[in-house]
Amino acid sequence: MKLVIKEYLASLNERNELDAILPDLLSQLGLTVFGKPIRGASERGVDVAAVGSIYGGIEKVYLFSIKAGDLTRSTWNGNEDQALRPSLDEIIDSYIPNRLPPEHKGKPIVICPCFGGDVQTPVIDLFTGYMNSRSKDNIEFEVWHGDKLAGLINDDFLHENFMPENTRSLLRKSLAILDEPDASFSYFSYLLSILRESVEEAKAEDVLKVLRQINICLWILYGWSRQEKNLESVYLSSEISYLNAWHIASPFLDQKSKNAKLIQLSVQSIQKTYLKVSQDYLAKVVMPYMNEYGAISRGVSSSSSVDINLKLFDLLGRVALMGLWCTWELEVIQQNDEYKVLLAQHISYLAECIFSLIRNNPILFSPLKDEQAIDISLAVLFLAASSELDSIKDWFGELLSRIKISFKAHGAYPCTLQDYMELLEHPKANTKEYLENCTAGSILFSSIGFFSALFNFDDEYKQVSEIQTEFLEHCSLQLWYPDDESEKGIYIGERYHGLCLSDFDFTQKKGVIIDRVFDECKETKDFENLSAIKYGVFPLLLMSCRAYRLPVPMQFFENFRMKLT
Amino acid sequence: MIDQEEVELESELIEVIASNNIEAGLIRLLKDHRFQHKSLTKNLAKLHNSQNIDVLDFFNSPLISHEDLTNCINQHLDVIALIEAPTKKVLDTILLIQSRVDYCYAPVDKFLNDNEKRIESSVELLIENPTKLLSFLRTILRSYSKIDVEKSYKLANKLIVNPDIKVQIEAIYAIGYLVYAEKDTLLEDGIHLISSLLQNNTDESLLTACLSSLNEICKKDESLRAFSNDCLNLCLQYKSSKVLEEATRIAWLDSKYLTDSWNNCILSYFSKFTIVELSKRSGADHAFTALLKKENNKDALSLLEHLIASNTDIHFTFESWHDVSTAIWANEVVDRDKLITRWFHTGNYNLCKAASDLIIKKGQYTVQVSQIEEKDNYFYIARKAVGWLFVKPKAATYFVLSILDYCEHSDFDKISDLLFYPLLMNTPYSVKEVIEKHIEGLDKRKKKAKFLRAILTKSEKRQEILKQACSNKELHPSTQQREALGRKKYFENEAMMKEVHEKSIFSSIFGKSKVMLYGNKSVFLQHGNNGESKRQVMPLGKTSYSTEIPLFSSIDSIGLNRLINTFRGE
């Protein structure tokens, strides 16, 4: 296991990736972290500062200067901005005399050069000589390289005694089979479920420990995934890691105790990990190819349009979700104007990304599974928030036209089938019975119909009505609303909760449909009580819908009614 | 020198005749020596004529089964031409065989030959009971005409008014088949006779017989063709499948005899039918080929185009007219490229389909556009070609490339864009191959070469991006999904192979198949006639067929279909 961790640490290629786990590791060792990294900057050479005693020794101040990978000539004292020696000089010359908090002056100081890899041979003498020459009575040096970090992580975070049975082997299996993302993800999600169950109704410190374990496991998975150049498993795992973390942490979110605050910080840390993984994923898989016609579809490397269809709608949901996270960040985070401008640009870019994805991958005009309404709803929510209603209208127009053709020609019309083999063979028969079985219920047409009504897409609304009349008279068009039982299970993948509002009739006027949907929103007040909504992290709920394939609640669209009327 | 095998055969025959069970013995002998057909026939005739055996009694024997009669005896009826036997017995024997088998050919004409006695005897029998000897009526009258054409003609006339309509019809046929002297006045009488028969008579068998006889008469005296137009028109006044059959036969086999007026009458008759109705007559294809091969084939070509253009049956394919399509393809009847260009240019759905059927089924792609007067329409033709030839991208590419030589410069961009989308984007390797080969033959400094190189460069850049996208493992389906897809394709292929085997001619020839589990060569023993066997080793042959499937068939099948149908339908 230690080798696995060391491999992961060596793969970290950004300084601030090591920053993400070190504070948690130090806290776990019993130290108090009083100085944490600010985005992109160190404080006079110090990236992390902590105080305390490790393994029962005397209390010391630990000042960490973090570098990524191995210590080489250039990273020791080269031209790089973040070379180590200048940072260490800064610590000695500037931080210790001027920045050390008064309560810690007089304590022994340990300067800790910290890097994920090893000290390379050409640098050993220089490095050792430097440390020897600069050591004083109250200043000593302690190197925290990859091997030491791996040992500490293995012994403190992931020790057999601290982790439930089988979780270490599950992590190993998850890492070993990264090339089979589905299998890797299933091992990781099992690991998470064991960790989660181990802290049901547990104390805050146990919860904190488990959250840190989740974060470090996720980071290990992420490091290995990057080496294997396959981020699929870690993307899925990061989603459910965050969701499980939220579920575990939710009893402590409104508490003020020290451990409760640390729990909240841990959840934020996992959130950052998820956002980073998501961003990396999209930057690798989607963005370089979105402007080339058919490139991403071709990239699926399958002769079956079913594979292409499933993957493209999945990507659509992921991009939309990223856009919604950025939108949330813009609304809630108090950042400087420059950052807000960048964020706004990024949101526009993501909206453009969705248009390009749809424009250049026409399979996104032909949903195959009814549950792809979830990805469509996420995209609509994001695009509507970005005021891109015309584009949604154009998309719906072509989409409905193609669905109609599919029904008429007994092509691959949207269905409720879930089994892959059944989807490959769909439609298996041209009979009415088969059609009725496959389209017994639908959230797709109800969602599209509702959106068309809400945004005044008259032609599209009419098309939904025609499709319902001509082909789907038997079909129960429905929408889903969370209820009081949803909070218990919505973040951990339980599917059977909530209310179903059904039997929508799109031959009625648009206003009738809108009223019906939003009247039910008013009736189901439990939406506001969901912790993600209560604590203002609405994208988390949407992420849960995407990950666990639950319909997007229509409460999210209430604002648009107010805006449009 | 007498062949040793013949001697052995003769002695075997004698042995069989001497045995108790002649029928079984002869049947066995006929089967065993089926490759010595001529010798058997000769020997049987010899033995019959030397009264060692009565061949007719053998043929008449009720002990011979239906199967043996059909598969064995039927093959040896030409012995009748060589034997000495009473005419009545010969004719009765043949009639009996005819009643027992589905098809029987006996050379009665060779039996009668120039033998006056036999001919007169057969004539008497015919007069006595023409219905009974219906199947020999024509042959007997023809043979009779060798002796006395006038009497034969008169007899035919008499039989034309026989109460049995079948006798009438056979007699009408016979009128055409008599052996007339050159410029015999009976020929003209024959035409008048046929004309009179056609007045107020709509029976299609009778009309067919009249047409046949009329043609045969005119073949004997070409000067009568011009005289026979009215009569011909009377034959062809009603739409009838039987008359059509005869008309196609005449146009096919006797086209060299037909005058322009006869051509026009026959073409005019063909125009009463749809192309699907014509297709049901196997001779129509050959008939049109023959007519198209004539020097003045404009009307035939025009009719063919009209028939195709006005067809409403979606199942019809031009390829079903194998002879015509082969002749067109081989440039035997018309300038192929010009014809195809014209068909695409009309925009008529059926003609375009016929043009594409021609190119696609022939499997070659070197069809070029021909120059047209309306230079603005080259883009239209290019889109048509792309739409119709999309399934043969090399052919579509070659055609579009040829258009670039004739089109206006203002259309150059949009026509060459068709090479990129949809051709290169869907089937990059096939299309690239054709373009590269084409560039080789161009002057590199010219605009066309530069354009084509630019298109190839654009395509290569795109392919590079696609390749990079394909390297993203995150996009790939899981192993389980790939396995499921593989299983599905395996079962589909198995079902296809089974269906193909059931319909295959080859598999029916080779009978039972065997499955080899290991190895790539098969060892078997080949047995010779003399009982020896020789070891043979047959290596298994490998056949394969590869085709580039359009990329968009999985990425955007609806959009692709829409594009192709737009090109086809506009």
# chains A, B, ... in the order shown; residues from 1 in each chain; ligands from 1
$ residues_around --residues "Cys231 of chain B" --least-positions-apart "6" --cutoff "8 Å" --atoms "only C-alpha atoms" --output "count of residues only"
4
$ interface_residues --of "chain A" --to "chain B" --cutoff "8 Å" --atoms "only C-alpha atoms" --output "number ranges by chain"
A: 179-182, 229-232, 284-285, 289, 292, 294-305, 307-308, 311, 361-363, 402, 420-421, 424
$ residues_around --residues "segment 319-335 of chain A" --least-positions-apart "2" --cutoff "10 Å" --atoms "only C-alpha atoms" --output "PyMOL selection string"
chain A and resi 275+278-279+281-282+286-287+313-317+337-344+346-351+353-354+357+375-383+385-386+536-540+542-543+546
$ select_by_dssp --residues "segment 17-91 of chain A" --states "strand (DSSP E or B)" --output "list in words"
Thr32, Val33, Phe34, Gly35, Ile38, Ala41, Glu43, Val46, Val48, Ala49, Ala50, Val51, Gly52, Lys60, Val61, Tyr62, Leu63, Phe64, Ser65, Ile66, Lys67 and Leu71 of chain A
$ select_by_dssp --residues "segment 6-115 of chain B" --states "helix (DSSP H, G or I)" --output "compact mmCIF listing (two decimals) with N, CA and C atoms, in the first residue's frame"
# COMPACT_ATOMS: atom_id res chain seq x y z
N GLU B 6 -17.32 -48.98 -77.70
CA GLU B 6 -18.57 -49.18 -78.44
C GLU B 6 -18.89 -50.66 -78.56
N VAL B 7 -17.86 -51.42 -78.79
CA VAL B 7 -18.06 -52.86 -78.93
C VAL B 7 -18.58 -53.43 -77.62
N GLU B 8 -17.97 -52.97 -76.55
CA GLU B 8 -18.38 -53.45 -75.22
C GLU B 8 -19.82 -53.03 -74.94
N LEU B 9 -20.14 -51.83 -75.35
CA LEU B 9 -21.49 -51.32 -75.12
C LEU B 9 -22.50 -52.14 -75.89
N GLU B 10 -22.17 -52.42 -77.14
CA GLU B 10 -23.09 -53.20 -77.98
C GLU B 10 -23.32 -54.57 -77.37
N SER B 11 -22.23 -55.18 -76.89
CA SER B 11 -22.39 -56.54 -76.33
C SER B 11 -23.20 -56.49 -75.03
N GLU B 12 -23.02 -55.39 -74.29
CA GLU B 12 -23.81 -55.24 -73.06
C GLU B 12 -25.29 -55.12 -73.37
N LEU B 13 -25.55 -54.36 -74.42
CA LEU B 13 -26.94 -54.16 -74.85
C LEU B 13 -27.56 -55.51 -75.24
N ILE B 14 -26.79 -56.26 -76.00
CA ILE B 14 -27.29 -57.56 -76.46
C ILE B 14 -27.58 -58.45 -75.26
N GLU B 15 -26.68 -58.36 -74.30
CA GLU B 15 -26.85 -59.17 -73.08
C GLU B 15 -28.14 -58.80 -72.36
N VAL B 16 -28.39 -57.53 -72.29
CA VAL B 16 -29.60 -57.05 -71.58
C VAL B 16 -30.84 -57.49 -72.31
N ILE B 17 -30.79 -57.37 -73.61
CA ILE B 17 -31.96 -57.74 -74.42
C ILE B 17 -32.26 -59.22 -74.25
N ALA B 18 -31.19 -59.97 -74.12
CA ALA B 18 -31.38 -61.42 -73.98
C ALA B 18 -31.88 -61.80 -72.59
N ILE B 22 -35.86 -56.94 -69.46
CA ILE B 22 -35.24 -55.99 -70.40
C ILE B 22 -35.33 -54.55 -69.88
N GLU B 23 -36.54 -54.21 -69.35
CA GLU B 23 -36.75 -52.81 -68.95
C GLU B 23 -35.72 -52.39 -67.90
N ALA B 24 -35.61 -53.20 -66.85
CA ALA B 24 -34.70 -52.83 -65.75
C ALA B 24 -33.27 -52.80 -66.25
N GLY B 25 -32.94 -53.79 -67.07
CA GLY B 25 -31.57 -53.85 -67.59
C GLY B 25 -31.23 -52.67 -68.46
N LEU B 26 -32.17 -52.31 -69.34
CA LEU B 26 -31.91 -51.17 -70.22
C LEU B 26 -31.81 -49.86 -69.44
N ILE B 27 -32.67 -49.71 -68.45
CA ILE B 27 -32.65 -48.51 -67.61
C ILE B 27 -31.30 -48.38 -66.94
N ARG B 28 -30.85 -49.50 -66.40
CA ARG B 28 -29.55 -49.48 -65.70
C ARG B 28 -28.45 -49.11 -66.68
N LEU B 29 -28.52 -49.68 -67.84
CA LEU B 29 -27.51 -49.43 -68.88
C LEU B 29 -27.51 -47.98 -69.31
N LEU B 30 -28.69 -47.44 -69.49
CA LEU B 30 -28.80 -46.03 -69.90
C LEU B 30 -28.20 -45.11 -68.83
N LYS B 31 -28.44 -45.47 -67.55
CA LYS B 31 -27.92 -44.64 -66.46
C LYS B 31 -26.41 -44.77 -66.37
N ASP B 32 -25.93 -46.02 -66.47
CA ASP B 32 -24.48 -46.24 -66.30
C ASP B 32 -23.67 -45.59 -67.41
N ARG B 34 -24.48 -42.90 -69.27
CA ARG B 34 -25.11 -41.63 -69.67
C ARG B 34 -24.15 -40.70 -70.41
N PHE B 35 -22.86 -40.92 -70.21
CA PHE B 35 -21.89 -40.06 -70.93
C PHE B 35 -21.60 -40.58 -72.33
N GLN B 36 -22.16 -41.75 -72.63
CA GLN B 36 -21.95 -42.29 -73.99
C GLN B 36 -23.28 -42.23 -74.73
N HIS B 37 -23.89 -41.10 -74.67
CA HIS B 37 -25.24 -40.89 -75.19
C HIS B 37 -25.34 -41.26 -76.66
N LYS B 38 -24.42 -40.75 -77.44
CA LYS B 38 -24.50 -40.92 -78.90
C LYS B 38 -24.37 -42.39 -79.26
N SER B 39 -23.40 -43.01 -78.62
CA SER B 39 -23.18 -44.44 -78.92
C SER B 39 -24.40 -45.26 -78.54
N LEU B 40 -24.95 -44.94 -77.40
CA LEU B 40 -26.13 -45.67 -76.94
C LEU B 40 -27.27 -45.53 -77.94
N THR B 41 -27.51 -44.29 -78.36
CA THR B 41 -28.61 -44.03 -79.30
C THR B 41 -28.39 -44.80 -80.59
N LYS B 42 -27.17 -44.74 -81.07
CA LYS B 42 -26.83 -45.41 -82.34
C LYS B 42 -27.05 -46.91 -82.22
N ASN B 43 -26.56 -47.44 -81.10
CA ASN B 43 -26.67 -48.89 -80.92
C ASN B 43 -28.11 -49.34 -80.73
N LEU B 44 -28.85 -48.54 -80.00
CA LEU B 44 -30.27 -48.89 -79.79
C LEU B 44 -31.00 -48.91 -81.12
N ALA B 45 -30.71 -47.87 -81.92
CA ALA B 45 -31.38 -47.79 -83.23
C ALA B 45 -30.98 -48.99 -84.09
N LYS B 46 -29.70 -49.33 -84.03
CA LYS B 46 -29.18 -50.46 -84.82
C LYS B 46 -29.89 -51.75 -84.41
N LEU B 47 -30.01 -51.96 -83.11
CA LEU B 47 -30.64 -53.17 -82.59
C LEU B 47 -32.14 -53.20 -82.93
N HIS B 48 -32.74 -52.02 -82.90
CA HIS B 48 -34.17 -51.94 -83.23
C HIS B 48 -34.35 -52.28 -84.70
N ASN B 49 -33.54 -51.65 -85.53
CA ASN B 49 -33.71 -51.84 -86.97
C ASN B 49 -33.37 -53.27 -87.39
N VAL B 55 -37.76 -50.70 -79.74
CA VAL B 55 -37.51 -49.52 -78.86
C VAL B 55 -38.83 -48.90 -78.42
N LEU B 56 -39.80 -48.90 -79.34
CA LEU B 56 -41.08 -48.26 -79.02
C LEU B 56 -41.80 -49.06 -77.94
N ASP B 57 -41.72 -50.37 -77.98
CA ASP B 57 -42.35 -51.20 -76.94
C ASP B 57 -41.68 -50.91 -75.61
N PHE B 58 -40.37 -50.75 -75.70
CA PHE B 58 -39.63 -50.44 -74.45
C PHE B 58 -40.10 -49.11 -73.86
N PHE B 59 -40.22 -48.08 -74.77
CA PHE B 59 -40.66 -46.77 -74.28
C PHE B 59 -42.08 -46.84 -73.73
N ASN B 60 -42.89 -47.71 -74.35
CA ASN B 60 -44.30 -47.80 -73.97
C ASN B 60 -44.52 -48.63 -72.72
N HIS B 66 -42.22 -43.29 -63.50
CA HIS B 66 -42.30 -41.87 -63.92
C HIS B 66 -40.92 -41.20 -63.80
N GLU B 67 -40.24 -41.58 -62.71
CA GLU B 67 -38.92 -40.97 -62.46
C GLU B 67 -37.92 -41.35 -63.54
N ASP B 68 -37.92 -42.65 -63.89
CA ASP B 68 -36.99 -43.12 -64.91
C ASP B 68 -37.33 -42.53 -66.27
N LEU B 69 -38.61 -42.40 -66.49
CA LEU B 69 -39.07 -41.82 -67.76
C LEU B 69 -38.59 -40.38 -67.88
N THR B 70 -38.71 -39.65 -66.79
CA THR B 70 -38.34 -38.24 -66.80
C THR B 70 -36.84 -38.05 -66.90
N ASN B 71 -36.12 -38.81 -66.05
CA ASN B 71 -34.67 -38.56 -65.93
C ASN B 71 -33.83 -39.31 -66.94
N ILE B 73 -35.21 -41.91 -69.86
CA ILE B 73 -35.74 -42.20 -71.19
C ILE B 73 -35.82 -40.91 -72.01
N ASN B 74 -36.29 -39.87 -71.34
CA ASN B 74 -36.49 -38.57 -71.99
C ASN B 74 -35.24 -38.10 -72.71
N GLN B 75 -34.06 -38.50 -72.15
CA GLN B 75 -32.80 -38.04 -72.74
C GLN B 75 -32.46 -38.79 -74.03
N HIS B 76 -33.16 -39.89 -74.26
CA HIS B 76 -32.76 -40.75 -75.39
C HIS B 76 -33.83 -40.84 -76.47
N LEU B 77 -34.79 -39.92 -76.46
CA LEU B 77 -35.85 -40.00 -77.46
C LEU B 77 -35.35 -39.70 -78.86
N ASP B 78 -34.16 -39.14 -78.99
CA ASP B 78 -33.66 -38.86 -80.34
C ASP B 78 -33.34 -40.14 -81.12
N VAL B 79 -33.49 -41.28 -80.44
CA VAL B 79 -33.34 -42.56 -81.17
C VAL B 79 -34.44 -42.72 -82.21
N ILE B 80 -35.54 -42.00 -81.95
CA ILE B 80 -36.70 -42.10 -82.85
C ILE B 80 -36.33 -41.68 -84.27
N ALA B 81 -35.44 -40.72 -84.36
CA ALA B 81 -35.05 -40.22 -85.69
C ALA B 81 -34.32 -41.29 -86.51
N LEU B 82 -33.82 -42.32 -85.83
CA LEU B 82 -32.96 -43.28 -86.51
C LEU B 82 -33.65 -44.63 -86.77
N THR B 87 -45.39 -45.11 -88.54
CA THR B 87 -45.55 -43.72 -88.11
C THR B 87 -46.52 -43.60 -86.95
N LYS B 88 -47.63 -44.32 -87.08
CA LYS B 88 -48.67 -44.23 -86.04
C LYS B 88 -48.09 -44.66 -84.70
N LYS B 89 -47.33 -45.76 -84.72
CA LYS B 89 -46.79 -46.26 -83.45
C LYS B 89 -45.83 -45.25 -82.83
N VAL B 90 -45.03 -44.64 -83.72
CA VAL B 90 -44.07 -43.63 -83.23
C VAL B 90 -44.81 -42.47 -82.57
N LEU B 91 -45.81 -41.99 -83.31
CA LEU B 91 -46.55 -40.83 -82.79
C LEU B 91 -47.30 -41.19 -81.51
N ASP B 92 -47.87 -42.39 -81.48
CA ASP B 92 -48.61 -42.80 -80.28
C ASP B 92 -47.67 -42.94 -79.09
N THR B 93 -46.48 -43.46 -79.36
CA THR B 93 -45.50 -43.64 -78.26
C THR B 93 -45.13 -42.29 -77.66
N ILE B 94 -44.87 -41.34 -78.58
CA ILE B 94 -44.48 -40.01 -78.09
C ILE B 94 -45.62 -39.38 -77.30
N LEU B 95 -46.81 -39.55 -77.81
CA LEU B 95 -47.98 -39.00 -77.10
C LEU B 95 -48.09 -39.59 -75.70
N LEU B 96 -47.82 -40.89 -75.62
CA LEU B 96 -47.92 -41.55 -74.32
C LEU B 96 -46.87 -40.99 -73.35
N ILE B 97 -45.64 -40.85 -73.89
CA ILE B 97 -44.57 -40.29 -73.02
C ILE B 97 -44.94 -38.88 -72.59
N GLN B 98 -45.47 -38.11 -73.55
CA GLN B 98 -45.87 -36.71 -73.23
C GLN B 98 -46.89 -36.67 -72.11
N SER B 99 -47.77 -37.67 -72.11
CA SER B 99 -48.82 -37.68 -71.09
C SER B 99 -48.26 -38.03 -69.72
N ARG B 100 -47.05 -38.66 -69.71
CA ARG B 100 -46.52 -39.14 -68.43
C ARG B 100 -45.44 -38.22 -67.84
N VAL B 108 -39.68 -35.48 -84.03
CA VAL B 108 -40.63 -36.04 -85.01
C VAL B 108 -40.27 -35.57 -86.41
N ASP B 109 -39.79 -34.33 -86.50
CA ASP B 109 -39.44 -33.80 -87.81
C ASP B 109 -38.33 -34.63 -88.44
N LYS B 110 -37.39 -35.06 -87.62
CA LYS B 110 -36.29 -35.88 -88.15
C LYS B 110 -36.79 -37.27 -88.51
N PHE B 111 -37.77 -37.74 -87.77
CA PHE B 111 -38.33 -39.05 -88.10
C PHE B 111 -39.03 -38.99 -89.45
N LEU B 112 -39.84 -37.89 -89.61
CA LEU B 112 -40.55 -37.75 -90.89
C LEU B 112 -39.58 -37.41 -92.01
